[in-house]
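Visitor: Before I ask anything, here is the structure I am working with.
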Amino acid sequence: MRLENFYQASKQAKDNQGSLDYGIEAIAADKELATHIQQVLIWLNFLDPPADGQFGRISSDALVEFQVAISAIRPEVAEEKGFLGLATAKALIESKPSDIPEPKIDYSLNNLAARLIKYMLEMNYRVSVGNKKYNIVYVEGMNADGTQNSDAPNEFNDRRIVIEIPDADFRPVIRGNWEGTTEPGSSFTNNPMGGRAKEYGAARIAFGQYKAWAVGIHYGGGSDPHEALVQKTPISVYRDKNKDMMRTGDFLDTGVFDINQHWGFDYPRTNIKGASAGCLVGRTRDGHREFMAIIKQDIRYQKNKDYLFHTTVIPGDEFLAKYPAK
């Protein structure tokens with residue numbers, strides 16, 4: 001059955017002084033209902049695609065997360081936490097993404113982590129809240145202390161940052177902050193790789209948020225394969241056909257281009273060399289290993305080894321104009 005059918009049946013049971021409540025096993029036993037609930041949770045940004053009708057731990061956790069969030073404006077849903085009842089069915093049917101209350105976050109420290117999360121929510125990006133739910137953020141043209149730099153081309157002058165918002169106090173905290181680059185170096189800008197880069201120019205990722213990366217192996221040229229976040233779904237990039245190492249006026253291209261998140265071979269901070277043809281790169285091997293070790297602790301990855309990580313890419317000048325360093 002669909003959610004509307006469940007709601008009507010549940011309402012009829014209540015009118016007859018009874019109740020119709022489905023636990024997780026009952027939801028899973030009805031593939032049509034399970035699929036419909038998943039579709040709604042995906043639309044409301046509580047669950048990742050696909051809606052496959054397999055209502056297991058990941059889907060049930062997403063349902064509970066929805067119930068906790070929507071209880072702020074529909075308190076009756078809190079009484080049904082962990083199962084599907086009349087109030088939850090009604091909330092799923094009627095809710096829109098804009099109805100979901102913003103996550104409870106304590107910004108009082110006004111540190112770099114807090115300011116980045118503020119900026120992300122202002123931009124309507126998804127923010128993950130809770131223990132071991134990590135937010136991956138790249139900030140272009142920013143130093144480790146949150147001050148702006150010149151963002152000179154062909155340098156590792158961007159930041160790769162991992163932020164957690166723990167349940168204990170809901171205060172954003174930086175779990176990792178490493179040198180990196182969001183842009184291709186001069187080597188692959190002046191001598192683009194094959195495929196679309198050869199025809200249209202090197203790729204420079206468009207600012208924004210993408211859910212596109214899974215844990216895998218970055219092979220690159222094949223001489224130094226290593227664990228990395230590997231692109232699985234489309235993202236948007238600007239094609240630097242005129243080789244000026246800027247996005248302005250460049251062609252916007254969307255697709256799967258092997259834009260991975262890997263290491264930069266310990267190259268000097270002032271020379272990207274061949275470390276990036278448009279990937280999101282942490283400069284050092286050790287720093288990259290730390291990055292991977294942290295994000296692999298994410299509870300969503302622990303439940304699903306094919307989990308796709310959100311990653312947000314931010315222009316440092318715009319961010320710092322709105323939320324300057326203390």
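In the structure tokens, chains take the letters A, B, ... in the order shown, each chain's residues start at 1, and ligands count up from 1 in the order shown.
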As an mmCIF file with N, CA, C and O atoms, in the first residue's frame, please: all residues of range 86-122 of chain A that backbone DSSP puts in alpha helix (DSSP H).

Guide:
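Now in selection25.cif:
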data_model
loop_
_atom_site.group_PDB
_atom_site.id
_atom_site.type_symbol
_atom_site.label_atom_id
_atom_site.label_comp_id
_atom_site.auth_asym_id
_atom_site.auth_seq_id
_atom_site.Cartn_x
_atom_site.Cartn_y
_atom_site.Cartn_z
ATOM 1 N N LEU A 86 -0.464 6.901 12.802
ATOM 2 C CA LEU A 86 -1.293 7.897 12.138
ATOM 3 C C LEU A 86 -0.595 9.250 12.024
ATOM 4 O O LEU A 86 -0.583 9.869 10.958
ATOM 5 N N ALA A 87 0.011 9.726 13.123
ATOM 6 C CA ALA A 87 0.643 11.049 13.119
ATOM 7 C C ALA A 87 1.847 11.094 12.187
ATOM 8 O O ALA A 87 2.048 12.074 11.451
ATOM 9 N N THR A 88 2.657 10.039 12.205
ATOM 10 C CA THR A 88 3.840 10.005 11.336
ATOM 11 C C THR A 88 3.446 9.918 9.873
ATOM 12 O O THR A 88 4.041 10.594 9.015
ATOM 13 N N ALA A 89 2.458 9.097 9.563
ATOM 14 C CA ALA A 89 1.992 8.989 8.180
ATOM 15 C C ALA A 89 1.487 10.340 7.679
ATOM 16 O O ALA A 89 1.806 10.768 6.557
ATOM 17 N N LYS A 90 0.708 11.035 8.515
ATOM 18 C CA LYS A 90 0.193 12.358 8.135
ATOM 19 C C LYS A 90 1.332 13.343 7.908
ATOM 20 O O LYS A 90 1.333 14.124 6.947
ATOM 21 N N ALA A 91 2.341 13.296 8.792
ATOM 22 C CA ALA A 91 3.494 14.198 8.652
ATOM 23 C C ALA A 91 4.278 13.905 7.379
ATOM 24 O O ALA A 91 4.707 14.830 6.676
ATOM 25 N N LEU A 92 4.472 12.649 7.063
ATOM 26 C CA LEU A 92 5.191 12.276 5.835
ATOM 27 C C LEU A 92 4.433 12.739 4.595
ATOM 28 O O LEU A 92 5.028 13.223 3.628
ATOM 29 N N ILE A 93 3.125 12.606 4.617
ATOM 30 C CA ILE A 93 2.311 12.995 3.463
ATOM 31 C C ILE A 93 2.310 14.504 3.269
ATOM 32 O O ILE A 93 2.407 15.003 2.143
ATOM 33 N N GLU A 94 2.253 15.257 4.358
ATOM 34 C CA GLU A 94 2.030 16.702 4.267
ATOM 35 C C GLU A 94 3.299 17.546 4.279
ATOM 36 O O GLU A 94 3.272 18.705 3.834
ATOM 37 N N LEU A 112 35.745 29.290 13.708
ATOM 38 C CA LEU A 112 35.719 29.000 12.276
ATOM 39 C C LEU A 112 34.681 27.940 11.949
ATOM 40 O O LEU A 112 33.942 28.065 10.961
ATOM 41 N N ALA A 113 34.603 26.890 12.763
ATOM 42 C CA ALA A 113 33.636 25.827 12.512
ATOM 43 C C ALA A 113 32.210 26.375 12.536
ATOM 44 O O ALA A 113 31.393 26.070 11.662
ATOM 45 N N ALA A 114 31.901 27.190 13.543
ATOM 46 C CA ALA A 114 30.551 27.755 13.661
ATOM 47 C C ALA A 114 30.229 28.651 12.479
ATOM 48 O O ALA A 114 29.114 28.610 11.923
ATOM 49 N N ARG A 115 31.199 29.462 12.069
ATOM 50 C CA ARG A 115 30.944 30.392 10.963
ATOM 51 C C ARG A 115 30.749 29.644 9.643
ATOM 52 O O ARG A 115 29.914 30.035 8.819
ATOM 53 N N LEU A 116 31.501 28.570 9.435
ATOM 54 C CA LEU A 116 31.323 27.778 8.220
ATOM 55 C C LEU A 116 29.947 27.128 8.173
ATOM 56 O O LEU A 116 29.289 27.111 7.122
ATOM 57 N N ILE A 117 29.496 26.609 9.306
ATOM 58 C CA ILE A 117 28.174 25.986 9.342
ATOM 59 C C ILE A 117 27.084 27.032 9.115
ATOM 60 O O ILE A 117 26.098 26.791 8.401
ATOM 61 N N LYS A 118 27.247 28.214 9.710
ATOM 62 C CA LYS A 118 26.298 29.303 9.470
ATOM 63 C C LYS A 118 26.202 29.614 7.977
ATOM 64 O O LYS A 118 25.114 29.781 7.420
ATOM 65 N N TYR A 119 27.353 29.707 7.341
ATOM 66 C CA TYR A 119 27.390 30.023 5.915
ATOM 67 C C TYR A 119 26.700 28.932 5.107
ATOM 68 O O TYR A 119 25.917 29.212 4.188
ATOM 69 N N MET A 120 26.965 27.683 5.441
ATOM 70 C CA MET A 120 26.365 26.564 4.707
ATOM 71 C C MET A 120 24.840 26.594 4.809
ATOM 72 O O MET A 120 24.138 26.410 3.802
ATOM 73 N N LEU A 121 24.322 26.840 6.002
ATOM 74 C CA LEU A 121 22.870 26.891 6.163
ATOM 75 C C LEU A 121 22.279 28.102 5.435
ATOM 76 O O LEU A 121 21.184 28.024 4.867
ATOM 77 N N GLU A 122 23.006 29.206 5.459
ATOM 78 C CA GLU A 122 22.545 30.389 4.733
ATOM 79 C C GLU A 122 22.429 30.103 3.236
ATOM 80 O O GLU A 122 21.549 30.624 2.549
#

Visitor: Identify, on the basis of only C-alpha atoms, every residue whose closest approach to Val215 in chain A does not exceed 7 Å; exclude the query and any residue fewer than 5 positions from it along the same chain; express the result as an MDAnalysis selection string.

Guide: chainID A and resid 228:230

Visitor: So that I can see what lies close to range 17-34 of chain A, please list as a PyMOL selection string the residues with an atom at most 12 Å from it, counting only C-alpha atoms and leaving out residues fewer than 5 positions away in the same chain.

Guide: chain A and resi 1-12+39-41+50-64+79-89+92

Visitor: Considering only C-alpha atoms, return as an MDAnalysis selection string whatever protein or nucleic-acid residues lie within 6 Å of range 196-212 of chain A, sequence-local ones (same chain, fewer than 3 positions apart) excluded.

Guide: chainID A and resid 183 189 192:193 231:233 236:241 278 308:314

Visitor: Would you mind exporting N, CA and C atoms of the selected residues as a PDB file, in the first residue's frame?

Guide:
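File selection.pdb, as written:
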ATOM      1  N   GLU A 183      41.682  23.426  -7.125  1.00  0.00           N
ATOM      2  CA  GLU A 183      41.901  23.853  -8.512  1.00  0.00           C
ATOM      3  C   GLU A 183      43.044  23.064  -9.158  1.00  0.00           C
ATOM      4  N   THR A 189      46.638  22.522 -16.530  1.00  0.00           N
ATOM      5  CA  THR A 189      45.911  23.626 -17.169  1.00  0.00           C
ATOM      6  C   THR A 189      46.497  23.905 -18.546  1.00  0.00           C
ATOM      7  N   PRO A 192      46.210  19.976 -20.944  1.00  0.00           N
ATOM      8  CA  PRO A 192      45.072  19.210 -20.430  1.00  0.00           C
ATOM      9  C   PRO A 192      45.169  17.725 -20.758  1.00  0.00           C
ATOM     10  N   MET A 193      44.605  16.930 -19.861  1.00  0.00           N
ATOM     11  CA  MET A 193      44.538  15.491 -20.083  1.00  0.00           C
ATOM     12  C   MET A 193      43.568  15.207 -21.228  1.00  0.00           C
ATOM     13  N   GLN A 231      34.807   9.934  -7.232  1.00  0.00           N
ATOM     14  CA  GLN A 231      33.559  10.466  -7.772  1.00  0.00           C
ATOM     15  C   GLN A 231      32.698   9.363  -8.373  1.00  0.00           C
ATOM     16  N   LYS A 232      31.396   9.365  -7.981  1.00  0.00           N
ATOM     17  CA  LYS A 232      30.454   8.357  -8.458  1.00  0.00           C
ATOM     18  C   LYS A 232      29.263   8.953  -9.198  1.00  0.00           C
ATOM     19  N   THR A 233      28.896  10.181  -8.872  1.00  0.00           N
ATOM     20  CA  THR A 233      27.742  10.816  -9.503  1.00  0.00           C
ATOM     21  C   THR A 233      28.163  12.192 -10.044  1.00  0.00           C
ATOM     22  N   SER A 236      29.431  19.615 -11.237  1.00  0.00           N
ATOM     23  CA  SER A 236      29.622  20.651 -12.254  1.00  0.00           C
ATOM     24  C   SER A 236      31.016  21.257 -12.149  1.00  0.00           C
ATOM     25  N   VAL A 237      31.637  21.471 -13.296  1.00  0.00           N
ATOM     26  CA  VAL A 237      32.967  22.073 -13.360  1.00  0.00           C
ATOM     27  C   VAL A 237      32.993  23.134 -14.454  1.00  0.00           C
ATOM     28  N   TYR A 238      33.892  24.089 -14.292  1.00  0.00           N
ATOM     29  CA  TYR A 238      34.148  25.065 -15.342  1.00  0.00           C
ATOM     30  C   TYR A 238      35.353  24.596 -16.157  1.00  0.00           C
ATOM     31  N   ARG A 239      35.258  24.730 -17.477  1.00  0.00           N
ATOM     32  CA  ARG A 239      36.319  24.285 -18.374  1.00  0.00           C
ATOM     33  C   ARG A 239      37.209  25.467 -18.781  1.00  0.00           C
ATOM     34  N   ASP A 240      38.470  25.380 -18.371  1.00  0.00           N
ATOM     35  CA  ASP A 240      39.401  26.496 -18.558  1.00  0.00           C
ATOM     36  C   ASP A 240      40.082  26.408 -19.930  1.00  0.00           C
ATOM     37  N   LYS A 241      39.279  26.575 -20.982  1.00  0.00           N
ATOM     38  CA  LYS A 241      39.814  26.442 -22.342  1.00  0.00           C
ATOM     39  C   LYS A 241      40.830  27.533 -22.662  1.00  0.00           C
ATOM     40  N   GLY A 278      42.159  18.917 -11.534  1.00  0.00           N
ATOM     41  CA  GLY A 278      40.830  19.400 -11.190  1.00  0.00           C
ATOM     42  C   GLY A 278      40.242  18.701  -9.989  1.00  0.00           C
ATOM     43  N   LEU A 308      27.531   7.599  -0.112  1.00  0.00           N
ATOM     44  CA  LEU A 308      28.027   8.750  -0.860  1.00  0.00           C
ATOM     45  C   LEU A 308      28.150   9.951   0.079  1.00  0.00           C
ATOM     46  N   PHE A 309      29.353  10.522   0.139  1.00  0.00           N
ATOM     47  CA  PHE A 309      29.624  11.660   1.025  1.00  0.00           C
ATOM     48  C   PHE A 309      29.266  12.977   0.342  1.00  0.00           C
ATOM     49  N   HIS A 310      28.563  13.838   1.095  1.00  0.00           N
ATOM     50  CA  HIS A 310      28.409  15.222   0.665  1.00  0.00           C
ATOM     51  C   HIS A 310      29.750  15.937   0.795  1.00  0.00           C
ATOM     52  N   THR A 311      30.015  16.835  -0.112  1.00  0.00           N
ATOM     53  CA  THR A 311      31.194  17.707  -0.014  1.00  0.00           C
ATOM     54  C   THR A 311      30.787  19.100  -0.479  1.00  0.00           C
ATOM     55  N   THR A 312      31.189  20.111   0.285  1.00  0.00           N
ATOM     56  CA  THR A 312      30.840  21.493  -0.011  1.00  0.00           C
ATOM     57  C   THR A 312      32.103  22.264  -0.363  1.00  0.00           C
ATOM     58  N   VAL A 313      32.045  23.010  -1.464  1.00  0.00           N
ATOM     59  CA  VAL A 313      33.191  23.802  -1.923  1.00  0.00           C
ATOM     60  C   VAL A 313      32.790  25.278  -1.872  1.00  0.00           C
ATOM     61  N   ILE A 314      33.560  26.050  -1.102  1.00  0.00           N
ATOM     62  CA  ILE A 314      33.187  27.424  -0.747  1.00  0.00           C
ATOM     63  C   ILE A 314      34.256  28.418  -1.224  1.00  0.00           C
TER      64      ILE A 314
END

Visitor: Show which residues sit within 8 Å of Asp298 in chain A, as a ChimeraX atom specification. Count only C-alpha atoms, and ignore same-chain residues fewer than 3 positions away.

Guide: /A:132-134,294-295,301-302

Visitor: Nearest to His226 in chain A: which of A:Arg285, A:Ile174, A:Leu109, A:Asp250 is it, counting only C-alpha atoms?

Guide: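 Ranking A:Arg285, A:Ile174, A:Leu109, A:Asp250 by distance to His226 in chain A, first place goes to A:Arg285.
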
Visitor: Env of Pro324 in chain A: 8 Å cut, atoms = only C-alpha atoms, seq-sep filter 4 positions within chain, self excluded. Answer as a list in words.

Guide: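 Selected residues are Thr147, Phe319 and Leu320 of chain A.
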
Visitor: What is the CA of Gly194 in chain A to CA of Lys273 in chain A distance in Å?

Guide: 17.5 Å

Visitor: So which residues of range 180-262 of chain A fall under strand (DSSP E or B) by DSSP, listed as a PyMOL selection string?

Guide: chain A and resi 180-181+202-205+208-218+226-231+235-240+251-255+261-262
